[in-house]
$ cat my_file.csv   # CSV, C-alpha atoms
chain,number,residue,atom,x,y,z
A,256,MET,CA,10.3,-82.9,-137.1
A,257,ASP,CA,6.9,-81.3,-137.6
A,258,VAL,CA,4.6,-82.0,-140.5
A,259,ALA,CA,5.3,-78.7,-142.2
A,260,THR,CA,9.0,-79.4,-142.2
A,261,GLN,CA,8.4,-82.9,-143.5
A,262,ASN,CA,6.4,-81.5,-146.4
A,263,GLY,CA,9.3,-79.3,-147.3
A,264,ASN,CA,7.2,-76.1,-147.3
A,265,GLY,CA,8.0,-74.8,-143.9
A,266,GLY,CA,4.3,-74.0,-143.0
A,267,ASN,CA,3.8,-72.0,-146.2
A,268,SER,CA,0.9,-74.2,-147.3
A,269,MET,CA,-1.3,-73.1,-144.4
A,270,VAL,CA,-0.4,-69.5,-145.0
A,271,HIS,CA,-1.1,-69.9,-148.7
A,272,LYS,CA,-4.5,-71.4,-148.0
A,273,CYS,CA,-5.4,-68.5,-145.6
A,274,LEU,CA,-4.2,-65.9,-148.2
A,275,VAL,CA,-6.3,-67.6,-150.9
A,276,SER,CA,-9.3,-67.6,-148.6
A,277,TYR,CA,-8.9,-64.0,-147.6
A,278,LEU,CA,-8.4,-63.0,-151.3
A,279,PHE,CA,-11.5,-64.9,-152.3
A,280,LEU,CA,-13.6,-63.1,-149.6
A,281,PHE,CA,-12.1,-59.8,-150.5
A,282,LEU,CA,-13.0,-60.3,-154.2
A,283,ALA,CA,-16.5,-61.5,-153.4
A,284,PHE,CA,-17.1,-58.6,-151.1
A,285,ASN,CA,-15.8,-56.1,-153.6
A,286,THR,CA,-17.9,-57.7,-156.4
A,287,VAL,CA,-21.0,-57.2,-154.3
A,288,LEU,CA,-20.0,-53.6,-153.5
A,289,LEU,CA,-19.3,-53.0,-157.2
A,290,ALA,CA,-22.7,-54.3,-158.2
A,291,GLN,CA,-24.3,-52.1,-155.6
A,292,ASP,CA,-22.3,-49.1,-156.8
A,293,THR,CA,-23.3,-49.9,-160.4
A,294,ASP,CA,-27.0,-50.1,-159.4
A,295,LEU,CA,-26.6,-46.9,-157.3
A,296,GLN,CA,-24.9,-45.0,-160.2
A,297,SER,CA,-27.6,-46.3,-162.6
A,298,SER,CA,-30.3,-44.9,-160.3
A,299,VAL,CA,-28.5,-41.6,-160.0
A,300,ASP,CA,-28.0,-41.3,-163.7
A,301,TYR,CA,-31.6,-42.2,-164.4
A,302,LYS,CA,-32.9,-39.6,-161.9
A,303,VAL,CA,-30.5,-36.9,-163.1
A,304,ASN,CA,-31.5,-37.6,-166.8
A,305,LYS,CA,-35.2,-37.5,-165.8
A,306,MET,CA,-34.7,-34.2,-164.0
A,307,LYS,CA,-32.7,-32.8,-167.0
A,308,LYS,CA,-35.5,-33.7,-169.3
A,309,VAL,CA,-38.4,-32.5,-167.1
A,310,LEU,CA,-36.8,-29.4,-165.8
A,311,ASN,CA,-34.8,-28.4,-168.9
A,312,LEU,CA,-31.6,-28.4,-166.8
A,313,THR,CA,-28.3,-27.1,-168.2
A,314,ASP,CA,-25.4,-29.5,-168.3
A,315,GLY,CA,-23.9,-27.6,-165.4
A,316,GLN,CA,-27.0,-28.0,-163.3
A,317,ALA,CA,-27.3,-31.7,-164.2
A,318,TYR,CA,-23.6,-32.2,-163.2
A,319,ALA,CA,-24.1,-30.4,-159.9
A,320,ILE,CA,-27.2,-32.3,-158.8
A,321,GLY,CA,-25.6,-35.7,-159.3
A,322,PRO,CA,-23.8,-35.8,-156.0
A,323,ILE,CA,-26.9,-34.5,-154.1
A,324,ILE,CA,-29.1,-37.2,-155.6
A,325,LYS,CA,-26.4,-39.9,-154.9
A,326,ASP,CA,-26.1,-38.8,-151.3
A,327,TYR,CA,-29.9,-38.9,-150.8
A,328,LEU,CA,-30.2,-42.3,-152.3
A,329,ILE,CA,-27.3,-43.8,-150.2
A,330,LYS,CA,-28.9,-42.4,-147.0
A,331,ARG,CA,-32.4,-43.6,-148.1
A,332,VAL,CA,-31.2,-47.1,-148.7
A,333,ALA,CA,-29.4,-47.2,-145.4
A,334,VAL,CA,-32.5,-46.1,-143.5
A,335,LEU,CA,-34.6,-48.7,-145.3
A,336,GLN,CA,-32.1,-51.5,-144.8
A,337,GLU,CA,-31.8,-50.7,-141.1
A,338,ALA,CA,-35.6,-50.7,-140.8
A,339,ALA,CA,-35.8,-54.0,-142.7
A,340,GLY,CA,-33.4,-55.5,-140.1
A,341,GLN,CA,-35.6,-54.7,-137.2
A,342,GLY,CA,-38.2,-57.1,-135.9
A,343,ILE,CA,-40.9,-54.5,-135.4
A,344,VAL,CA,-40.7,-51.3,-137.5
A,345,ASP,CA,-41.9,-47.9,-136.4
A,346,HIS,CA,-43.3,-46.9,-139.8
A,347,VAL,CA,-44.0,-43.3,-138.6
A,348,ALA,CA,-40.4,-42.9,-137.4
A,349,VAL,CA,-39.0,-44.3,-140.7
A,350,LYS,CA,-41.3,-42.0,-142.7
A,351,ASN,CA,-40.2,-39.0,-140.6
A,352,ILE,CA,-36.6,-39.8,-141.2
A,353,LEU,CA,-37.2,-40.2,-145.0
A,354,ASN,CA,-39.1,-36.9,-145.1
A,355,GLY,CA,-36.2,-35.2,-143.3
A,356,LEU,CA,-33.8,-36.7,-145.9
A,357,LYS,CA,-36.0,-35.4,-148.7
A,358,GLU,CA,-36.2,-31.9,-147.2
A,359,SER,CA,-32.4,-31.9,-146.9
A,360,GLU,CA,-32.2,-32.9,-150.6
A,361,TYR,CA,-34.6,-30.1,-151.6
A,362,GLN,CA,-32.6,-27.6,-149.6
A,363,LYS,CA,-29.4,-28.6,-151.4
A,364,LEU,CA,-31.1,-28.6,-154.8
A,365,SER,CA,-32.5,-25.1,-154.1
A,366,LYS,CA,-28.9,-23.8,-154.4
A,367,ILE,CA,-28.6,-25.2,-158.0
A,368,LEU,CA,-32.2,-25.1,-159.4
A,369,ASN,CA,-34.1,-22.0,-159.9
A,370,GLU,CA,-37.3,-21.5,-157.9
A,371,ASP,CA,-39.6,-22.7,-160.8
A,372,GLN,CA,-37.5,-25.8,-161.5
A,373,LEU,CA,-37.5,-26.8,-157.8
A,374,LYS,CA,-41.2,-26.1,-157.4
A,375,LYS,CA,-41.9,-28.2,-160.5
A,376,TRP,CA,-39.8,-31.1,-159.3
A,377,ILE,CA,-41.3,-31.1,-155.8
A,378,ASN,CA,-44.8,-31.1,-157.3
A,379,LYS,CA,-43.8,-34.0,-159.6
A,380,GLU,CA,-42.4,-36.0,-156.8
A,381,ASN,CA,-45.5,-35.3,-154.6
A,382,LEU,CA,-47.8,-36.3,-157.4
A,383,MET,CA,-45.8,-39.5,-157.9
A,384,ALA,CA,-45.9,-40.2,-154.2
A,385,THR,CA,-49.6,-39.7,-154.1
A,386,LEU,CA,-50.3,-41.9,-157.2
A,387,ASN,CA,-47.8,-44.6,-156.2
A,388,PRO,CA,-47.3,-44.5,-152.4
A,389,ASP,CA,-45.5,-47.8,-152.1
A,390,ASN,CA,-42.8,-46.9,-154.5
A,391,ALA,CA,-42.8,-43.2,-155.3
A,392,GLU,CA,-39.2,-43.3,-156.6
A,393,SER,CA,-39.7,-46.1,-159.0
A,394,ALA,CA,-37.4,-46.1,-162.1
A,395,ASP,CA,-40.4,-47.2,-164.1
A,396,ASP,CA,-42.2,-43.8,-164.1
A,397,ASP,CA,-41.9,-43.0,-167.8
A,398,GLY,CA,-45.5,-43.7,-168.8
A,399,PRO,CA,-48.6,-45.8,-168.4
A,400,THR,CA,-48.4,-49.6,-168.2
A,401,LEU,CA,-51.2,-52.0,-168.9
A,402,GLY,CA,-51.9,-54.7,-166.4
A,403,ALA,CA,-54.8,-57.1,-165.5
A,404,ASP,CA,-56.6,-54.2,-163.7
A,405,GLY,CA,-56.3,-51.8,-166.6
A,406,ALA,CA,-54.0,-48.9,-167.4
A,407,ASN,CA,-51.6,-47.7,-164.7
A,408,PHE,CA,-50.8,-44.1,-165.4
A,409,LYS,CA,-47.6,-42.8,-164.0
A,410,PHE,CA,-46.4,-39.3,-164.2
$ encode --input "my_file.csv" --output "structure tokens"
Amino acid sequence: MDVATQNGNGGNSMVHKCLVSYLFLFLAFNTVLLAQDTDLQSSVDYKVNKMKKVLNLTDGQAYAIGPIIKDYLIKRVAVLQEAAGQGIVDHVAVKNILNGLKESEYQKLSKILNEDQLKKWINKENLMATLNPDNAESADDDGPTLGADGANFKF
């Protein structure tokens, strides 16, 4: 008689432990994904609301640009994560890929925004990139901050 039969559970204990382990891993993985999705959606909402305010978007325009912004952010994060996983990073190649993603985003936005709105947004993003080259798409771009080195004006 084997141990499982002696315990009276017919081997179900091992199966139960495996199922509990898989369930735990599944829930942990989904929790991480949910947190990432929440962060991503917060970033999308922030950017859409910022664009709505700066560009005087209609509700229809704001609704339509959400998926475009989300797609861009997902691809941007993927590129940066892949680059971070490499030992030696070709910064020029990464920058070129990110520029291509941005151009694709602008092309899609051009179908929703009018010419003046798109021009204004591109100029704003270019200005932000010039003033804050390390983190041009910071969520903290609502105004000046005061630090040890003085005022940090963000537009």
$ closest_residue --input "my_file.csv" --among "A:Val347, A:Val334, A:Leu353, A:Val303" --to "Ile320 in chain A" --atoms "only C-alpha atoms"
A:Val303
$ atom_distance --input "my_file.csv" --atom1 "CA of Trp376 in chain A" --atom2 "CA of Met306 in chain A"
7.6 Å
$ closest_residue --input "my_file.csv" --among "A:Gly340, A:Ala317, A:Leu310, A:Leu328" --to "Glu370 in chain A" --atoms "all atoms listed in the file"
A:Leu310
$ closest_residue --input "my_file.csv" --among "A:Ser298, A:Gln316, A:Glu358, A:Glu380" --to "Ile329 in chain A" --atoms "all atoms listed in the file"
A:Ser298
$ closest_residue --input "my_file.csv" --among "A:Lys350, A:Lys374, A:Lys307, A:Lys379" --to "Gln362 in chain A" --atoms "all atoms listed in the file"
A:Lys374
$ atom_distance --input "my_file.csv" --atom1 "CA of Lys325 in chain A" --atom2 "CA of Asp300 in chain A"
9.1 Å
$ residues_around --input "my_file.csv" --residues "Asp371 in chain A" --least-positions-apart "6" --cutoff "12 Å" --atoms "only C-alpha atoms" --output "list in words"
Val309, Leu310, Asn311, Leu312, Leu364, Ser365, Ile377 and Asn378 of chain A
$ write_last_selection --input "my_file.csv" --atoms "C-alpha atoms" --output "short mmCIF file (atom, residue, chain, number, x, y, z; two decimals), in the frame of the given file"
data_model
loop_
_atom_site.label_atom_id
_atom_site.label_comp_id
_atom_site.auth_asym_id
_atom_site.auth_seq_id
_atom_site.Cartn_x
_atom_site.Cartn_y
_atom_site.Cartn_z
CA VAL A 309 -38.40 -32.50 -167.10
CA LEU A 310 -36.80 -29.40 -165.80
CA ASN A 311 -34.80 -28.40 -168.90
CA LEU A 312 -31.60 -28.40 -166.80
CA LEU A 364 -31.10 -28.60 -154.80
CA SER A 365 -32.50 -25.10 -154.10
CA ILE A 377 -41.30 -31.10 -155.80
CA ASN A 378 -44.80 -31.10 -157.30
#
$ closest_residue --input "my_file.csv" --among "A:Leu386, A:Val344, A:Leu373, A:Leu295" --to "Arg331 in chain A" --atoms "all atoms listed in the file"
A:Leu295
